[in-house]
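Accompanying notes for the structure given below.
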Amino acid sequence: MGAVLQHAGSVARTRVMLVEDSAVVRGMMRNWLDHLDGVEVVATAQNGQIAIDLVRVAAPDIIILDIEMPVMDGTTALPHLIRLAPGAKVVMASTLTNRNAQISLRALQLGATDYIAKPSFVRDGNAARDEFKAELLRKIEGLGTIDRPHVAEASLQRSGWLPIPAPGTRFSLRKVSPTQPRVLLFGSSTGGPSALGKVFSGLRGRLSRFPVLVVQHMPPTFTALLAEKLSEAAGIDGGEARQNELLLPGRIYVAPGGFHMRLQRVGADTRLALDEGPPINHCRPAVDPLFESAAIIFGPAVLSTVLTGMGSDGARGAVAIADRGGTVLVQDEATSVVWGMPGTTAQIGAAAEILPLEKIAGRISNLIGARSLS
């Protein structure tokens, strides 16, 4: 068999296609989604070729695309699915290996919207399965609400996220800090790896005088690879943050998957503190702990940027930065994959400026008074 195509009813719902070679995993995901309000599984496929054959008729809003499949794998199918269903959001699904993390990051550069790490359902047990289920449902709900305000309201109530601003909302902006920045912070989620890459490439040769800290919602393995890519893009050293690591200028510190990252004062030094505490805003790492701790230590010398991402993580931390005189830049709606994190940061009144992605690196360069060294 390998393929199921279902005709949609008249009620507007988020239409999902599942592309997964394991019949057991496919059936499990379908069962979860069948019980999710406002969602309809309109097609399933066991490999990329079948998905390509079905996608035009299925017209999905979201495609969950496995990487490793027989006949045609997910990476090969991806460009065809994007071409045949240009409005669909593709979420790459893969087991948590270094190879699959590299493939997933490359898929994001090729047009995939997001990624989700699959556990080994046999080896990792029920806890890992439940965590995967919760993450899958959050991604489906979040991505499915972008153009559906009536669905978004119910999703926000369940998640505890702050509301995304309505189109045309006028925002109260803070003043840009007159203090020279001493630390640069970035928070991002859905669409973040690509956005971060563009910003850091634009800052190449300009970051030698500053410690740069990044929280991207990602699982382990992914964050180590992201750190390598950002270090290469910016032309400075970088890596996953380590417990009690000294904060130094000219280095990128990426919060490791599964750990919150904070700053703390130890004598005259500023060091990194990592912990596996409960998820914050459904995330670990979360942006808020970093932003809040940096605000306490650096006050008006913080320059932070909130990039594209689902949910509202970073918004409350951005308020802490702004209230202590620091500067918060946010990516605008037009260039964001999901205007959740930057939109709620603007809505809550923490932003100093709302900028398109292509202007963020230039504005940061201006604020830090840097000239390219490359």
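Chain labels run A, B, ... following the order of the structure tokens; each chain numbers its residues from 1, and ligands are numbered from 1 in the order shown.
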
Give me, as an mmCIF file with N, CA and C atoms, in the first residue's frame, all polymer residues having an atom no more than 9 Å from Met92 of chain A, counting only C-alpha atoms and skipping those fewer than 4 positions away in the same chain.
data_model
loop_
_atom_site.group_PDB
_atom_site.id
_atom_site.type_symbol
_atom_site.label_atom_id
_atom_site.label_comp_id
_atom_site.auth_asym_id
_atom_site.auth_seq_id
_atom_site.Cartn_x
_atom_site.Cartn_y
_atom_site.Cartn_z
ATOM 1 N N ILE A 63 3.827 19.503 5.713
ATOM 2 C CA ILE A 63 4.331 18.181 5.354
ATOM 3 C C ILE A 63 5.360 17.765 6.396
ATOM 4 N N ILE A 64 5.133 16.639 7.069
ATOM 5 C CA ILE A 64 6.141 16.049 7.950
ATOM 6 C C ILE A 64 6.934 15.072 7.097
ATOM 7 N N LEU A 65 8.214 15.363 6.868
ATOM 8 C CA LEU A 65 9.008 14.636 5.880
ATOM 9 C C LEU A 65 10.175 13.915 6.542
ATOM 10 N N ASP A 66 10.093 12.594 6.560
ATOM 11 C CA ASP A 66 11.186 11.770 7.084
ATOM 12 C C ASP A 66 12.405 11.911 6.176
ATOM 13 N N ILE A 67 13.584 11.797 6.745
ATOM 14 C CA ILE A 67 14.810 11.905 5.950
ATOM 15 C C ILE A 67 15.179 10.570 5.323
ATOM 16 N N GLY A 74 13.962 11.820 1.958
ATOM 17 C CA GLY A 74 13.346 13.118 2.152
ATOM 18 C C GLY A 74 14.107 14.268 1.535
ATOM 19 N N THR A 75 15.430 14.204 1.581
ATOM 20 C CA THR A 75 16.235 15.292 1.014
ATOM 21 C C THR A 75 16.042 15.388 -0.491
ATOM 22 N N SER A 104 19.467 17.822 8.040
ATOM 23 C CA SER A 104 18.350 18.691 8.409
ATOM 24 C C SER A 104 18.721 20.163 8.264
ATOM 25 N N ALA A 107 18.726 20.992 4.702
ATOM 26 C CA ALA A 107 17.353 21.080 4.204
ATOM 27 C C ALA A 107 16.730 22.434 4.532
ATOM 28 N N LEU A 108 17.058 22.987 5.685
ATOM 29 C CA LEU A 108 16.552 24.316 6.034
ATOM 30 C C LEU A 108 17.057 25.362 5.066
ATOM 31 N N ALA A 112 13.151 24.000 3.615
ATOM 32 C CA ALA A 112 12.340 23.422 4.684
ATOM 33 C C ALA A 112 12.095 24.484 5.757
ATOM 34 N N THR A 113 10.957 24.392 6.419
ATOM 35 C CA THR A 113 10.582 25.389 7.419
ATOM 36 C C THR A 113 11.140 25.081 8.790
ATOM 37 N N ASP A 114 11.136 23.800 9.161
ATOM 38 C CA ASP A 114 11.502 23.433 10.527
ATOM 39 C C ASP A 114 11.981 21.981 10.533
ATOM 40 N N TYR A 115 12.275 21.474 11.707
ATOM 41 C CA TYR A 115 12.801 20.127 11.880
ATOM 42 C C TYR A 115 12.278 19.594 13.202
ATOM 43 N N ILE A 116 12.266 18.274 13.324
ATOM 44 C CA ILE A 116 11.913 17.652 14.594
ATOM 45 C C ILE A 116 12.738 16.385 14.720
ATOM 46 N N ALA A 117 13.302 16.180 15.892
ATOM 47 C CA ALA A 117 14.148 15.010 16.131
ATOM 48 C C ALA A 117 13.291 13.845 16.620
#

Within 6 Å of Ser189 of chain A, counting only C-alpha atoms, which residues show up once you throw out same-chain ones fewer than 2 positions away? Write them as a PyMOL selection string, please.
-> chain A and resi 192+216-217+309

Neighbours of segment 261-273 of chain A within 6 Å (only C-alpha atoms; same-chain residues fewer than 6 positions away dropped), as a PDB file with N, CA and C atoms, in the first residue's frame?
ATOM      1  N   GLN A 243      29.837  24.516  30.826  1.00  0.00           N
ATOM      2  CA  GLN A 243      29.587  24.936  32.202  1.00  0.00           C
ATOM      3  C   GLN A 243      30.786  25.697  32.765  1.00  0.00           C
ATOM      4  N   ASN A 244      30.528  26.857  33.349  1.00  0.00           N
ATOM      5  CA  ASN A 244      31.523  27.703  34.003  1.00  0.00           C
ATOM      6  C   ASN A 244      32.544  28.294  33.029  1.00  0.00           C
ATOM      7  N   GLU A 245      32.244  28.262  31.740  1.00  0.00           N
ATOM      8  CA  GLU A 245      33.153  28.829  30.747  1.00  0.00           C
ATOM      9  C   GLU A 245      33.238  30.346  30.913  1.00  0.00           C
ATOM     10  N   LEU A 246      34.437  30.874  30.773  1.00  0.00           N
ATOM     11  CA  LEU A 246      34.659  32.314  30.901  1.00  0.00           C
ATOM     12  C   LEU A 246      34.140  33.036  29.674  1.00  0.00           C
ATOM     13  N   LEU A 247      33.418  34.131  29.886  1.00  0.00           N
ATOM     14  CA  LEU A 247      32.898  34.933  28.780  1.00  0.00           C
ATOM     15  C   LEU A 247      34.004  35.830  28.246  1.00  0.00           C
ATOM     16  N   ALA A 255      23.926  28.051  23.154  1.00  0.00           N
ATOM     17  CA  ALA A 255      23.355  27.212  24.213  1.00  0.00           C
ATOM     18  C   ALA A 255      23.197  25.783  23.710  1.00  0.00           C
ATOM     19  N   PRO A 289      15.915  32.918  30.040  1.00  0.00           N
ATOM     20  CA  PRO A 289      16.946  32.880  31.084  1.00  0.00           C
ATOM     21  C   PRO A 289      18.222  33.629  30.707  1.00  0.00           C
ATOM     22  N   LEU A 290      18.656  33.503  29.463  1.00  0.00           N
ATOM     23  CA  LEU A 290      19.851  34.223  29.027  1.00  0.00           C
ATOM     24  C   LEU A 290      19.614  35.723  29.062  1.00  0.00           C
ATOM     25  N   SER A 293      19.357  37.113  32.709  1.00  0.00           N
ATOM     26  CA  SER A 293      20.629  37.144  33.441  1.00  0.00           C
ATOM     27  C   SER A 293      21.583  38.188  32.868  1.00  0.00           C
TER      28      SER A 293
END

Separation of atom CA of Glu131 of chain A and atom CA of Pro119 of chain A, in Å?
->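 Distance reported for this atom pair: 9.0 Å.
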
Contacts of Ala352 of chain A at 8 Å (only C-alpha atoms; same-chain gap of 6+ positions) as a list of chain:residue names = A:Leu173, A:Arg174, A:Lys175, A:Val176, A:Thr327, A:Val328, A:Leu329

For atom CA of Val16 of chain A and atom CA of Leu81 of chain A, the interatomic separation in Å (one decimal) =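 Taking atom CA of Val16 of chain A and atom CA of Leu81 of chain A, their separation equals 13.3 Å.
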
Close residues, Gly369 of chain A itself excluded, 10 Å, only C-alpha atoms, min 6 positions apart in chain, as number ranges by chain | A: 180-181, 206, 363

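Computed from the coordinates, the atom CA of Trp339 of chain A to atom CA of Gly311 of chain A distance equals 8.5 Å.
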
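Nearest to Val55 of chain A of all the residues A:Arg30, A:Ser120, A:Pro86, A:Val25 is A:Pro86, based on only C-alpha atoms.
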
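Between Phe298 of chain A and the residues A:Ala322, A:Val254, A:Ala88, A:Ile360, the shortest atom-to-atom distance, using only C-alpha atoms, involves A:Ala322.
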
Find the residues near Thr335 of chain A: any atom within 9 Å, counting only C-alpha atoms, skip ones fewer than 5 places away on the same chain, and give them as a ChimeraX atom specification.
-> /A:308,355-358

If DSSP is run on the backbone, what residues of segment 88-238 of chain A are alpha helix (DSSP H)? A reply as an mmCIF file with C-alpha atoms, in the first residue's frame would be ideal.
data_model
loop_
_atom_site.group_PDB
_atom_site.id
_atom_site.type_symbol
_atom_site.label_atom_id
_atom_site.label_comp_id
_atom_site.auth_asym_id
_atom_site.auth_seq_id
_atom_site.Cartn_x
_atom_site.Cartn_y
_atom_site.Cartn_z
ATOM 1 C CA ASN A 98 25.260 13.846 13.536
ATOM 2 C CA ARG A 99 24.630 12.880 9.915
ATOM 3 C CA ASN A 100 20.892 13.517 10.105
ATOM 4 C CA ALA A 101 21.438 16.812 11.910
ATOM 5 C CA GLN A 102 23.718 17.941 9.070
ATOM 6 C CA ILE A 103 21.116 16.868 6.515
ATOM 7 C CA SER A 104 18.350 18.691 8.409
ATOM 8 C CA LEU A 105 20.348 21.916 8.567
ATOM 9 C CA ARG A 106 21.061 21.662 4.855
ATOM 10 C CA ALA A 107 17.353 21.080 4.204
ATOM 11 C CA LEU A 108 16.552 24.316 6.034
ATOM 12 C CA GLN A 109 18.846 26.145 3.630
ATOM 13 C CA GLY A 125 10.963 4.271 25.750
ATOM 14 C CA ASN A 126 7.694 5.974 26.609
ATOM 15 C CA ALA A 127 9.145 9.215 27.981
ATOM 16 C CA ALA A 128 10.938 9.951 24.710
ATOM 17 C CA ARG A 129 7.819 9.055 22.747
ATOM 18 C CA ASP A 130 5.686 11.407 24.851
ATOM 19 C CA GLU A 131 8.206 14.221 24.439
ATOM 20 C CA PHE A 132 8.242 13.694 20.669
ATOM 21 C CA LYS A 133 4.432 13.713 20.600
ATOM 22 C CA ALA A 134 4.239 16.988 22.515
ATOM 23 C CA GLU A 135 6.834 18.626 20.261
ATOM 24 C CA LEU A 136 5.121 17.396 17.090
ATOM 25 C CA LEU A 137 1.721 18.682 18.183
ATOM 26 C CA ARG A 138 3.178 22.067 19.167
ATOM 27 C CA LYS A 139 4.841 22.445 15.780
ATOM 28 C CA ILE A 140 1.694 21.457 13.901
ATOM 29 C CA GLU A 141 -0.432 23.833 15.962
ATOM 30 C CA GLY A 142 2.063 26.680 15.706
ATOM 31 C CA LEU A 143 2.707 26.394 11.974
ATOM 32 C CA GLY A 144 -0.983 25.824 11.279
ATOM 33 C CA PRO A 149 -6.499 33.643 13.604
ATOM 34 C CA HIS A 150 -9.477 31.593 14.871
ATOM 35 C CA VAL A 151 -7.252 28.526 15.256
ATOM 36 C CA ALA A 152 -4.394 30.580 16.711
ATOM 37 C CA GLU A 153 -6.455 31.816 19.661
ATOM 38 C CA ALA A 154 -7.225 28.296 20.904
ATOM 39 C CA SER A 155 -3.623 27.209 20.320
ATOM 40 C CA LEU A 156 -2.270 30.128 22.341
ATOM 41 C CA GLN A 157 -4.604 29.349 25.221
ATOM 42 C CA ARG A 158 -3.337 25.759 25.345
ATOM 43 C CA SER A 159 0.338 26.691 25.033
ATOM 44 C CA GLY A 192 16.307 30.765 12.981
ATOM 45 C CA PRO A 193 19.266 28.805 11.581
ATOM 46 C CA SER A 194 18.950 30.456 8.178
ATOM 47 C CA ALA A 195 18.279 33.901 9.665
ATOM 48 C CA LEU A 196 21.224 33.616 12.050
ATOM 49 C CA GLY A 197 23.471 32.553 9.187
ATOM 50 C CA LYS A 198 22.554 35.644 7.182
ATOM 51 C CA VAL A 199 23.054 38.011 10.119
ATOM 52 C CA PHE A 200 26.390 36.484 11.139
ATOM 53 C CA SER A 201 27.650 36.536 7.553
ATOM 54 C CA GLY A 202 26.773 40.236 7.463
ATOM 55 C CA PHE A 222 22.051 20.222 16.111
ATOM 56 C CA THR A 223 23.365 23.001 18.365
ATOM 57 C CA ALA A 224 26.978 21.856 18.010
ATOM 58 C CA LEU A 225 26.681 21.950 14.221
ATOM 59 C CA LEU A 226 24.947 25.331 14.321
ATOM 60 C CA ALA A 227 27.785 26.738 16.423
ATOM 61 C CA GLU A 228 30.307 25.579 13.811
ATOM 62 C CA LYS A 229 28.338 27.176 10.989
ATOM 63 C CA LEU A 230 27.886 30.486 12.797
ATOM 64 C CA SER A 231 31.565 30.596 13.736
ATOM 65 C CA GLU A 232 32.488 30.041 10.103
ATOM 66 C CA ALA A 233 30.005 32.672 8.910
ATOM 67 C CA ALA A 234 31.209 35.320 11.372
#

Just the residues within 6 Å of Arg284 of chain A, please, counting only C-alpha atoms, with nothing from its chain fewer than 6 positions along; format it as number ranges by chain.
-> A: 258-260

Would you mind telling me which residue in A:Met29, A:Val214, A:Leu274, A:Met310 lies nearest to Arg242 of chain A when using only C-alpha atoms?
->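 Distance minimum relative to Arg242 of chain A lands on A:Leu274.
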
Hey, what does DSSP flag as strand (DSSP E or B) within segment 212-371 of chain A? Can you give it to me as a VMD selection string?
-> chain A and resid 212 to 216 237 to 240 246 251 to 254 260 to 266 269 to 275 280 283 302 to 306 309 327 to 331 339 353 to 355

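Taking only C-alpha atoms into account, Ala301 of chain A lies nearest to A:Ile321 out of the set A:Ala351, A:Ile321, A:Arg209, A:Val215.
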